Amino acid sequence: MLFKERLNKGEIILFDGAMGTMLQANGMTGGELPERYNLEKPEIIEKIHLEYLVAGADVITTNTFGANSHKLEESGLKVKEVIEAAVSCARKAIEKNGQEAYVALDIGPVGQLMEPMGTLSFDDVYELVKEQVVAGEKAGCDLVLLETMTDIYELKAAVLAIKENTSLPVLTTMTFEANGRSLTGTDPETMVNILEGLGVDALGMNCSLGPIESKVILEDILKYATFPVMIQPNAGLPVIKEGKTVYSITEDQFVEAAAEFLEAGISILGGCCGTTPSYIGKLKQLVQGKRVVKRVVVFKTKISSPVTSLTIGEDFVIIGERINPTGKKKMKEALLEDNLQYIIEEAITQEKAGAHALDVNVGLPKIDEPAKIVEVIKLIQEISNLPLQIDSADIEALERGCRYYNGKALINSVNGKAESMEAVFPIAKKYGACIIALTLDEGGIPNTAEERYAIAKKIMDTAAGYGIPKENIIIDSLVLTASAQQKEVMETVKTLAMVKEKLGLKTSLGVSNVSFGLPNRPLINKTFLTMAMTMGLDVAIINPMNKDMIEAIDSFRVLANLDRDAVDFVARYGGQTEGEAVVSQKDRSVADYSLQEIIIGGLKDKAAEKTIEILKDKTPLEIVNGDLMPALNIVGDGFEKGKIFLPQLIQSAETVKASFGVLKEAMTKEGRSEVKKGKVILATVKGDIHDIGKNIVKVLMENYGFEVFDLGKDVDPDKIIAVAKEKEVDIIGLSALMTTTVKSMEETILKLRTSGVVVPVMVGGAVLTLEYADMIGADFYGKDAKEAVSIAHKVVGLED
């Protein structure tokens, strides 16, 4: 039976447990490469697989978590040979066991930060994973498991690499922090929305947290997921007992939590770090004969950025229209002159004015639209968390925009022409995008509501043939000008009501066209908008800085009981004097921004110019202490409270770096050297090749004024000792991601102490806790980059 068939039968599928834990139990020491065992000690890998199969696992995962070209580049091993050997070990174990079972090709994260936070590109990830899965399919694996992912963008690239180059089922799990988000800020709802759009076969979570801590996050996943859900938690968090790393959750406690997972409706269960065949054996007893508990989940119209999702239909939605050169001279000039800073400012201004999503259109005759739309999308996503609407008549631009967009996009647009649907629907299906659908076809725009309704139904029915659910279709019944086609204006409004009532689809309009050619256009526009909202309009594509439109929407939300107790209305208008504008539309120059605003907003291109400007009135040190550090503290506090996320944190840090560049030059001219707060060593410990967390800490440390000696990954303790003594550092920061290398961290600390290095040691990493840090002899535990900076400040005698 094929794996997909088994998944669709409604039986609980049991995965195996940890590979690293078992390798350690079979003699693997810190610093050894687990994947090397596939070639040099295959009997151990085969033995581990067989133990899990005997325990009752339906699926065993290959020993290939880190088998990509990036991680293997210094080992001398080749991806193809490692994967072939790994799959062979699994197949031999299944043959020996004599029971039907499946081989999952295990793929973990690449281990580098993706753009814009790092240097790893979307295409880099795609090619790395493509190499793995092509080799895996040829070697005979049954499915692919993408696990322990922290970046939804990396996961998207990996899913596409698998689906475009193999016929293998794809299972995906992310790892979440205790705050309910991944390292890069993705929440469970957003993960589900993006991955279901991409058409994975199952999704869920693994690692980082134990089964008890995972419950709340799993509840969120199950609340939104219509696809099968899987979970593979750790056996709690690691602790050291009698010199050995053990885990805090017993087998019985693990099974007790797993029973609740089954009742909640999961389809796939297994274990991660610390779980063994004994755990899996007890899970087998639990799941024996059980079927998946059916869940009732309402699929909704929803678009996503990497860190937030926007449900259309629950409240009125504003899509900012200003990143579009049509009728906008300055935007046209900005695109032609490659003035991307102007586009950034438009995005920020619209978001601050209350837009819930942003339209992105770069269509001009002299522009390479497919390339430019990708560039602009990436740029906006560096500084804004809002979902984007990809707006183009160029099919290649639509396709590229959806591919490189980090999230689930809204396409603008398709229409009822066969040619349009044949071009756009495959793109929407592939990337899971929602679509604005215009009620026109080969006969043009119909005059009556009935005819437009018929086109809307044709679009919905045709989309269903492509596998696109009606919830992903948003109907635009098209606004005509009252000055030229006065009679047809009401037909647009009638169509809204018909589409909502008879088809159950969401609706949108671009409103301002209705008043073209008439005096007092704002009055016409806001009146028409109010009429449309009353008849069921869900989305308006407008200028969010337009006072009249915003007032109409705010009033409607109160009267329609969307703004409960008028909380938003009172907050906006409670202190306003009569006639006062709510928002103003203004082109802001550098002089209009404070340096703190520039840093908080991540406006890198403005930082240097603004710093030069205020150097006329302040000394470099006054700017550092009065502008840069307070701004970084505001960003850091927002990060700790979950109000901003890692991409914005890094963007603000890079903006500070641009300002520092100017200040360094100014101090050099004054004959002064830059004053550093202290010296810090950062290193990923011996045997661990993951350095994402360390690199994030490095960026923040440097921007807070510390001199950082980054020793890289897989660092021998002797190298750390040598640099510590030579540079007379103030603090040493050690990082480890893998459970197999936390022992190496303890050994590094012990060696530092016995060699006479007495400076404080700070440790961090996904598998560490404060208790664990104490047990291995660390002086401090930094749970994230911001806390690491705070600790460094305390060590050198400063406060944040």
# chains A, B, ... in the order shown; residues from 1 in each chain; ligands from 1

$ residues_around --residues "Tyr772 in chain A" --least-positions-apart "4" --cutoff "8 Å" --atoms "only C-alpha atoms" --output "list in words"
Pro238, Val239, Ile240, Leu768 and Ile776 of chain A

$ residues_around --residues "range 722-732 of chain A" --least-positions-apart "5" --cutoff "8 Å" --atoms "only C-alpha atoms" --output "number ranges by chain"
A: 678-682, 757, 759-762, 792, 795-796

$ select_by_dssp --residues "range 191-345 of chain A" --states "helix (DSSP H, G or I)" --output "ChimeraX atom specification"
/A:191-198,211-224,251-264,277-287,329-336,340-345

$ closest_atom_pairs --of "range 150-188 of chain A" --to "range 779-791 of chain A" --cutoff "12 Å" --atoms "only C-alpha atoms" --output "tab-separated table"
residue	atom	partner	partner_atom	distance
A:Glu177	CA	A:Lys783	CA	10.2
A:Ala178	CA	A:Lys783	CA	10.5
A:Asn179	CA	A:Lys783	CA	11.7
A:Leu183	CA	A:Asp784	CA	9.6
A:Thr184	CA	A:Asp784	CA	12.0

$ residues_around --residues "range 273-278 of chain A" --least-positions-apart "5" --cutoff "8 Å" --atoms "only C-alpha atoms" --output "list in words"
Asp16, Gly17, Ala18, Met19, Gly20, Thr21, Met22, Glu51, Tyr52, Ala55, Cys207, Pro233, Asn234, Ala235, Gly236, Pro238, Val246, Tyr247, Glu251 and Thr739 of chain A

$ write_last_selection --atoms "N, CA and C atoms" --output "PDB file, in the first residue's frame"
ATOM      1  N   ASP A  16       8.874   6.740  13.994  1.00  0.00           N
ATOM      2  CA  ASP A  16       9.885   6.319  14.954  1.00  0.00           C
ATOM      3  C   ASP A  16      10.249   7.464  15.897  1.00  0.00           C
ATOM      4  N   GLY A  17      11.319   7.306  16.669  1.00  0.00           N
ATOM      5  CA  GLY A  17      11.766   8.328  17.599  1.00  0.00           C
ATOM      6  C   GLY A  17      13.102   8.917  17.169  1.00  0.00           C
ATOM      7  N   ALA A  18      13.890   9.320  18.149  1.00  0.00           N
ATOM      8  CA  ALA A  18      15.133  10.042  17.870  1.00  0.00           C
ATOM      9  C   ALA A  18      16.202   9.146  17.255  1.00  0.00           C
ATOM     10  N   MET A  19      16.959   9.699  16.325  1.00  0.00           N
ATOM     11  CA  MET A  19      18.130   9.009  15.786  1.00  0.00           C
ATOM     12  C   MET A  19      19.377   9.405  16.576  1.00  0.00           C
ATOM     13  N   GLY A  20      19.553  10.701  16.853  1.00  0.00           N
ATOM     14  CA  GLY A  20      20.752  11.158  17.555  1.00  0.00           C
ATOM     15  C   GLY A  20      20.896  10.533  18.928  1.00  0.00           C
ATOM     16  N   THR A  21      19.785  10.466  19.668  1.00  0.00           N
ATOM     17  CA  THR A  21      19.811   9.853  20.993  1.00  0.00           C
ATOM     18  C   THR A  21      20.285   8.405  20.906  1.00  0.00           C
ATOM     19  N   MET A  22      19.788   7.694  19.914  1.00  0.00           N
ATOM     20  CA  MET A  22      20.152   6.288  19.753  1.00  0.00           C
ATOM     21  C   MET A  22      21.597   6.124  19.287  1.00  0.00           C
ATOM     22  N   GLU A  51      15.148  -1.772  15.634  1.00  0.00           N
ATOM     23  CA  GLU A  51      14.592  -1.652  16.982  1.00  0.00           C
ATOM     24  C   GLU A  51      13.290  -0.849  16.973  1.00  0.00           C
ATOM     25  N   TYR A  52      13.265   0.197  16.180  1.00  0.00           N
ATOM     26  CA  TYR A  52      12.029   0.993  16.079  1.00  0.00           C
ATOM     27  C   TYR A  52      10.922   0.202  15.383  1.00  0.00           C
ATOM     28  N   ALA A  55       9.491  -2.264  17.687  1.00  0.00           N
ATOM     29  CA  ALA A  55       8.666  -1.559  18.683  1.00  0.00           C
ATOM     30  C   ALA A  55       7.286  -1.209  18.138  1.00  0.00           C
ATOM     31  N   CYS A 207      10.165  18.593  17.866  1.00  0.00           N
ATOM     32  CA  CYS A 207      11.350  19.071  18.557  1.00  0.00           C
ATOM     33  C   CYS A 207      11.068  20.270  19.464  1.00  0.00           C
ATOM     34  N   PRO A 233       7.090  15.317  19.478  1.00  0.00           N
ATOM     35  CA  PRO A 233       7.743  16.146  20.498  1.00  0.00           C
ATOM     36  C   PRO A 233       8.987  15.481  21.070  1.00  0.00           C
ATOM     37  N   ASN A 234       9.801  16.302  21.728  1.00  0.00           N
ATOM     38  CA  ASN A 234      10.923  15.777  22.506  1.00  0.00           C
ATOM     39  C   ASN A 234      10.399  15.060  23.747  1.00  0.00           C
ATOM     40  N   ALA A 235      11.266  14.280  24.356  1.00  0.00           N
ATOM     41  CA  ALA A 235      10.933  13.672  25.649  1.00  0.00           C
ATOM     42  C   ALA A 235      11.243  14.681  26.755  1.00  0.00           C
ATOM     43  N   GLY A 236      10.657  15.857  26.636  1.00  0.00           N
ATOM     44  CA  GLY A 236      10.947  16.928  27.582  1.00  0.00           C
ATOM     45  C   GLY A 236      12.242  17.629  27.224  1.00  0.00           C
ATOM     46  N   PRO A 238      16.454  18.362  28.075  1.00  0.00           N
ATOM     47  CA  PRO A 238      17.590  17.567  28.572  1.00  0.00           C
ATOM     48  C   PRO A 238      18.130  18.054  29.911  1.00  0.00           C
ATOM     49  N   VAL A 246      20.086  13.129  29.958  1.00  0.00           N
ATOM     50  CA  VAL A 246      18.820  12.398  29.976  1.00  0.00           C
ATOM     51  C   VAL A 246      17.692  13.421  29.810  1.00  0.00           C
ATOM     52  N   TYR A 247      16.486  12.897  29.586  1.00  0.00           N
ATOM     53  CA  TYR A 247      15.353  13.789  29.318  1.00  0.00           C
ATOM     54  C   TYR A 247      14.324  13.712  30.442  1.00  0.00           C
ATOM     55  N   GLU A 251       8.494   7.739  29.911  1.00  0.00           N
ATOM     56  CA  GLU A 251       7.686   7.096  28.875  1.00  0.00           C
ATOM     57  C   GLU A 251       6.196   7.200  29.201  1.00  0.00           C
ATOM     58  N   THR A 739      21.084  18.002  20.132  1.00  0.00           N
ATOM     59  CA  THR A 739      21.171  17.337  21.439  1.00  0.00           C
ATOM     60  C   THR A 739      22.436  16.499  21.545  1.00  0.00           C
TER      61      THR A 739
END

$ decode --residues "range 300-322 of chain A" --atoms "N, CA, C and O atoms" --output "PDB file, in the first residue's frame"
ATOM      1  N   LYS A 300     -11.305  28.991   5.579  1.00  0.00           N
ATOM      2  CA  LYS A 300     -11.647  30.397   5.396  1.00  0.00           C
ATOM      3  C   LYS A 300     -10.785  31.064   4.336  1.00  0.00           C
ATOM      4  O   LYS A 300      -9.722  30.572   3.981  1.00  0.00           O
ATOM      5  N   THR A 301     -11.272  32.182   3.844  1.00  0.00           N
ATOM      6  CA  THR A 301     -10.520  32.995   2.887  1.00  0.00           C
ATOM      7  C   THR A 301      -9.433  33.730   3.661  1.00  0.00           C
ATOM      8  O   THR A 301      -9.727  34.592   4.492  1.00  0.00           O
ATOM      9  N   LYS A 302      -8.185  33.402   3.365  1.00  0.00           N
ATOM     10  CA  LYS A 302      -7.112  33.883   4.235  1.00  0.00           C
ATOM     11  C   LYS A 302      -5.819  34.042   3.447  1.00  0.00           C
ATOM     12  O   LYS A 302      -5.438  33.167   2.673  1.00  0.00           O
ATOM     13  N   ILE A 303      -5.137  35.155   3.634  1.00  0.00           N
ATOM     14  CA  ILE A 303      -3.815  35.381   3.047  1.00  0.00           C
ATOM     15  C   ILE A 303      -2.821  35.594   4.181  1.00  0.00           C
ATOM     16  O   ILE A 303      -3.207  35.925   5.308  1.00  0.00           O
ATOM     17  N   SER A 304      -1.535  35.414   3.872  1.00  0.00           N
ATOM     18  CA  SER A 304      -0.535  35.449   4.942  1.00  0.00           C
ATOM     19  C   SER A 304       0.759  36.110   4.498  1.00  0.00           C
ATOM     20  O   SER A 304       1.174  35.961   3.350  1.00  0.00           O
ATOM     21  N   SER A 305       1.389  36.800   5.422  1.00  0.00           N
ATOM     22  CA  SER A 305       2.807  37.133   5.350  1.00  0.00           C
ATOM     23  C   SER A 305       3.519  36.026   6.124  1.00  0.00           C
ATOM     24  O   SER A 305       2.864  35.103   6.592  1.00  0.00           O
ATOM     25  N   PRO A 306       4.829  36.072   6.311  1.00  0.00           N
ATOM     26  CA  PRO A 306       5.466  35.005   7.089  1.00  0.00           C
ATOM     27  C   PRO A 306       5.125  35.005   8.570  1.00  0.00           C
ATOM     28  O   PRO A 306       5.330  34.005   9.254  1.00  0.00           O
ATOM     29  N   VAL A 307       4.577  36.108   9.087  1.00  0.00           N
ATOM     30  CA  VAL A 307       4.356  36.185  10.532  1.00  0.00           C
ATOM     31  C   VAL A 307       2.913  36.459  10.937  1.00  0.00           C
ATOM     32  O   VAL A 307       2.594  36.447  12.126  1.00  0.00           O
ATOM     33  N   THR A 308       2.027  36.679   9.978  1.00  0.00           N
ATOM     34  CA  THR A 308       0.638  36.949  10.339  1.00  0.00           C
ATOM     35  C   THR A 308      -0.283  36.554   9.204  1.00  0.00           C
ATOM     36  O   THR A 308       0.123  36.510   8.036  1.00  0.00           O
ATOM     37  N   SER A 309      -1.533  36.265   9.561  1.00  0.00           N
ATOM     38  CA  SER A 309      -2.534  35.897   8.568  1.00  0.00           C
ATOM     39  C   SER A 309      -3.717  36.849   8.661  1.00  0.00           C
ATOM     40  O   SER A 309      -4.079  37.315   9.750  1.00  0.00           O
ATOM     41  N   LEU A 310      -4.332  37.111   7.520  1.00  0.00           N
ATOM     42  CA  LEU A 310      -5.467  38.021   7.428  1.00  0.00           C
ATOM     43  C   LEU A 310      -6.661  37.250   6.884  1.00  0.00           C
ATOM     44  O   LEU A 310      -6.647  36.793   5.740  1.00  0.00           O
ATOM     45  N   THR A 311      -7.689  37.091   7.711  1.00  0.00           N
ATOM     46  CA  THR A 311      -8.912  36.400   7.294  1.00  0.00           C
ATOM     47  C   THR A 311      -9.865  37.421   6.695  1.00  0.00           C
ATOM     48  O   THR A 311     -10.195  38.423   7.334  1.00  0.00           O
ATOM     49  N   ILE A 312     -10.308  37.156   5.494  1.00  0.00           N
ATOM     50  CA  ILE A 312     -11.207  38.064   4.789  1.00  0.00           C
ATOM     51  C   ILE A 312     -12.638  37.600   5.011  1.00  0.00           C
ATOM     52  O   ILE A 312     -12.975  36.444   4.776  1.00  0.00           O
ATOM     53  N   GLY A 313     -13.467  38.517   5.496  1.00  0.00           N
ATOM     54  CA  GLY A 313     -14.860  38.194   5.758  1.00  0.00           C
ATOM     55  C   GLY A 313     -15.240  38.313   7.215  1.00  0.00           C
ATOM     56  O   GLY A 313     -16.425  38.356   7.539  1.00  0.00           O
ATOM     57  N   GLU A 314     -14.256  38.358   8.102  1.00  0.00           N
ATOM     58  CA  GLU A 314     -14.557  38.503   9.533  1.00  0.00           C
ATOM     59  C   GLU A 314     -14.673  39.968   9.932  1.00  0.00           C
ATOM     60  O   GLU A 314     -15.413  40.309  10.851  1.00  0.00           O
ATOM     61  N   ASP A 315     -13.938  40.820   9.272  1.00  0.00           N
ATOM     62  CA  ASP A 315     -13.996  42.260   9.495  1.00  0.00           C
ATOM     63  C   ASP A 315     -13.657  42.916   8.164  1.00  0.00           C
ATOM     64  O   ASP A 315     -13.149  42.263   7.242  1.00  0.00           O
ATOM     65  N   PHE A 316     -13.941  44.196   8.049  1.00  0.00           N
ATOM     66  CA  PHE A 316     -13.692  44.866   6.777  1.00  0.00           C
ATOM     67  C   PHE A 316     -12.190  45.009   6.543  1.00  0.00           C
ATOM     68  O   PHE A 316     -11.437  45.330   7.461  1.00  0.00           O
ATOM     69  N   VAL A 317     -11.772  44.772   5.312  1.00  0.00           N
ATOM     70  CA  VAL A 317     -10.353  44.752   4.966  1.00  0.00           C
ATOM     71  C   VAL A 317     -10.013  45.890   4.012  1.00  0.00           C
ATOM     72  O   VAL A 317     -10.709  46.108   3.001  1.00  0.00           O
ATOM     73  N   ILE A 318      -8.930  46.596   4.335  1.00  0.00           N
ATOM     74  CA  ILE A 318      -8.410  47.667   3.477  1.00  0.00           C
ATOM     75  C   ILE A 318      -7.107  47.203   2.845  1.00  0.00           C
ATOM     76  O   ILE A 318      -6.170  46.821   3.550  1.00  0.00           O
ATOM     77  N   ILE A 319      -7.045  47.232   1.527  1.00  0.00           N
ATOM     78  CA  ILE A 319      -5.796  46.946   0.818  1.00  0.00           C
ATOM     79  C   ILE A 319      -5.268  48.261   0.258  1.00  0.00           C
ATOM     80  O   ILE A 319      -5.941  48.931  -0.522  1.00  0.00           O
ATOM     81  N   GLY A 320      -4.065  48.637   0.704  1.00  0.00           N
ATOM     82  CA  GLY A 320      -3.469  49.895   0.259  1.00  0.00           C
ATOM     83  C   GLY A 320      -3.092  49.831  -1.212  1.00  0.00           C
ATOM     84  O   GLY A 320      -2.403  48.920  -1.645  1.00  0.00           O
ATOM     85  N   GLU A 321      -3.511  50.821  -1.981  1.00  0.00           N
ATOM     86  CA  GLU A 321      -3.385  50.791  -3.436  1.00  0.00           C
ATOM     87  C   GLU A 321      -2.193  51.579  -3.989  1.00  0.00           C
ATOM     88  O   GLU A 321      -1.981  51.609  -5.196  1.00  0.00           O
ATOM     89  N   ARG A 322      -1.389  52.191  -3.130  1.00  0.00           N
ATOM     90  CA  ARG A 322      -0.477  53.230  -3.611  1.00  0.00           C
ATOM     91  C   ARG A 322       0.815  52.722  -4.248  1.00  0.00           C
ATOM     92  O   ARG A 322       1.515  53.483  -4.897  1.00  0.00           O
TER      93      ARG A 322
END
